[in-house]
Amino acid sequence: MKKRVFLIVLDSLGIGEMPDASRFGDEGSNTLKSISKSRFFKADNLSKAGLFNIDGVDCGVKTSRPLCDFCRLKERSVGKDTVTGHWEMTGVISTQPMPVFPDGFDKDVLDEISAATGRGILCNKPYSGTQVIIDYGRQHMATGDLIVYTSADSVLQIAAHEKVVPIEELYEICKKVRKIMSGKNAVGRVIARPFVGEYPDFVRTSNRHDYALEPPQDTLLDDLKNNGYDTIGVGKIGDIFNMKGISESIRTTGNTDGLKKTADLADRDFNGLCFVNLVDFDALYGHRNDVDGYAKAVAEFDDWLGKFIPRLTDEDTLLVTADHGCDPATPSTDHSREYVPLLIYNKRTTTGADLGTKDGFFFIADTVRKIFGLD
């Protein structure tokens, strides 16, 4: 009998600081609570699902009859980034933090990048992705030099105007840089950040592409694929896992497109896992401290959820979770070390059970393995 699991990651929707948040400078972070204060916040279907019944959640409206089984997940890995969170939910715990570069990258790294790409380097600092193209975009267009920057996360990002560095060339550059960034410089992701327009109205495009480290061991995705199940990545899932264990990757232009493509997959006869990342919560709103924008994005997902659940069959399971926090109401624009929610829905088996707090995002991998009868 065919079974389908839809695992949806609301990228950065944390639900409150973890006990070790002070180690990461994230005391007081609570992404869900912060956005719940916006007048644009709407979460009627998430409330019915049981989101506000979860351990430690002290905002929103609790329900007496949750539609989903629910729990709070505590991250075991050392980190608070996208790759670490997604790896752990598929069974890989990262015991060492991925390297970060608060002072920019070493000269020998930049020299190697220039030699490999034939282009100079601009910026080389932690920077806002929207501000960096304003501050360095004109110089980039005049010289053809690459805008290289980072953040508090383990990333090396390369911004380039699509008229100066065509998309395919930028992708090839990032592939070369991914090989260079190894050993002590092995950042979690090398990210292509193309933009268009004229100064001062430069705009980043949806042609972003991430080149992540390959997971150091097999994940839930490999287990499923090796046992003949479909593993469909929607959004940046394929990038996060460097296509390891992914049988099909469907790119999206943002949350709205990702939700549409996920709904389309509900009409498709596949057997396995549909793994979805909705990146706009993080990229457009969390990192930009846009509380109202984040709240509107949750309202959009909430409306979609109310229409999606009735489309699920008796053999379908829906899991809704997050990979870290990114509280838009704090002064920081970086990820935050937070617990994440997990909602589990199956028409036949879920009873609205409170599963408490689980010590590890890999509870998700364990849950999915049980559904498919894998060890």
# chains A, B, ... in the order shown; residues from 1 in each chain; ligands from 1
>>> select_by_dssp(residues="stretch 104-338 of chain A", states="helix (DSSP H, G or I)", output="PyMOL selection string")
chain A and resi 107-117+129-143+167-180+183-185+220-226+237-240+255-265+280-286+291-311
>>> select_by_dssp(residues="stretch 119-285 of chain A", states="strand (DSSP E or B)", output="PyMOL selection string")
chain A and resi 121-126+146-150+155-161+189-196+203-204+209-212+230-234+248-250+272-278
>>> write_last_selection(atoms="C-alpha atoms", output="CSV table (one decimal), in the first residue's frame")
chain,number,residue,atom,x,y,z
A,121,ILE,CA,36.7,40.4,-4.6
A,122,LEU,CA,34.7,43.2,-3.0
A,123,CYS,CA,33.4,43.6,0.6
A,124,ASN,CA,34.5,40.4,2.5
A,125,LYS,CA,32.6,41.3,5.6
A,126,PRO,CA,29.4,40.2,7.4
A,146,LEU,CA,32.5,39.5,-7.1
A,147,ILE,CA,30.7,40.8,-4.0
A,148,VAL,CA,31.7,38.2,-1.3
A,149,TYR,CA,30.2,38.5,2.1
A,150,THR,CA,29.1,36.4,5.1
A,155,VAL,CA,28.0,30.9,4.8
A,156,LEU,CA,30.0,32.4,2.0
A,157,GLN,CA,27.7,34.4,-0.2
A,158,ILE,CA,28.5,35.7,-3.7
A,159,ALA,CA,26.4,38.5,-5.1
A,160,ALA,CA,26.6,39.4,-8.8
A,161,HIS,CA,24.4,41.3,-11.2
A,189,ARG,CA,26.7,26.8,2.5
A,190,VAL,CA,28.1,28.7,-0.5
A,191,ILE,CA,25.2,30.8,-1.8
A,192,ALA,CA,24.8,32.4,-5.2
A,193,ARG,CA,23.0,35.7,-4.8
A,194,PRO,CA,22.1,37.2,-8.2
A,195,PHE,CA,20.5,40.6,-8.5
A,196,VAL,CA,19.2,42.9,-11.2
A,203,VAL,CA,16.8,43.8,-6.4
A,204,ARG,CA,17.8,40.2,-5.6
A,209,HIS,CA,21.2,28.7,-5.4
A,210,ASP,CA,22.8,27.1,-2.3
A,211,TYR,CA,25.8,24.7,-2.4
A,212,ALA,CA,25.8,22.9,0.9
A,230,ASP,CA,10.3,8.6,-3.6
A,231,THR,CA,12.2,11.5,-1.9
A,232,ILE,CA,10.9,14.8,-3.3
A,233,GLY,CA,12.5,18.0,-2.2
A,234,VAL,CA,10.5,21.2,-2.6
A,248,GLU,CA,13.5,14.7,-7.3
A,249,SER,CA,14.1,18.4,-6.7
A,250,ILE,CA,11.4,21.0,-7.3
A,272,GLY,CA,7.4,8.3,-0.1
A,273,LEU,CA,8.4,11.6,1.3
A,274,CYS,CA,7.6,15.2,0.1
A,275,PHE,CA,10.1,17.4,2.0
A,276,VAL,CA,9.3,21.1,1.8
A,277,ASN,CA,11.2,24.2,2.9
A,278,LEU,CA,9.3,27.5,3.0
>>> residues_around(residues="A:Cys326", least_positions_apart="3", cutoff="12 Å", atoms="only C-alpha atoms", output="PyMOL selection string")
chain A and resi 10-17+26+28-35+80-82+152-153+279-291+294+322-323+329-340
>>> closest_atom_pairs(of="stretch 195-242 of chain A", to="stretch 83-101 of chain A", cutoff="8 Å", atoms="only C-alpha atoms", output="JSON lines")
{"residue": "A:Ala212", "atom": "CA", "partner": "A:Val83", "partner_atom": "CA", "distance": 7.6}
{"residue": "A:Pro215", "atom": "CA", "partner": "A:Trp87", "partner_atom": "CA", "distance": 7.1}
{"residue": "A:Gln217", "atom": "CA", "partner": "A:Val92", "partner_atom": "CA", "distance": 7.3}
{"residue": "A:Thr219", "atom": "CA", "partner": "A:Thr90", "partner_atom": "CA", "distance": 5.4}
{"residue": "A:Leu220", "atom": "CA", "partner": "A:Thr90", "partner_atom": "CA", "distance": 4.9}
{"residue": "A:Leu221", "atom": "CA", "partner": "A:Thr90", "partner_atom": "CA", "distance": 7.1}
{"residue": "A:Ile240", "atom": "CA", "partner": "A:Val83", "partner_atom": "CA", "distance": 5.9}
{"residue": "A:Phe241", "atom": "CA", "partner": "A:Trp87", "partner_atom": "CA", "distance": 7.8}
>>> residues_around(residues="A:Phe308", least_positions_apart="3", cutoff="10 Å", atoms="only C-alpha atoms", output="list of chain:residue names")
A:Leu259, A:Thr262, A:Ala263, A:Ala266, A:Asp302, A:Asp303, A:Trp304, A:Leu305, A:Arg311, A:Leu312, A:Leu318
>>> atom_distance(atom1="atom CA of A:Lys107", atom2="atom CA of A:Val177")
14.2 Å
>>> residues_around(residues="A:Gly356", least_positions_apart="3", cutoff="8 Å", atoms="only C-alpha atoms", output="list in words")
Ile54, Asp55, Phe70, Cys71 and Arg72 of chain A
>>> closest_residue(among="A:Ile8, A:Phe270, A:Asp218, A:Ile180", to="A:Gly245", atoms="only C-alpha atoms")
A:Asp218
>>> residues_around(residues="A:Ala43", least_positions_apart="6", cutoff="9 Å", atoms="only C-alpha atoms", output="list in words")
Ser36, Leu51, Gly60, Val61, Val298, Ala299, Phe301, Asp302 and Asp303 of chain A
>>> atom_distance(atom1="atom CA of A:Lys2", atom2="atom CA of A:Asn226")
16.2 Å
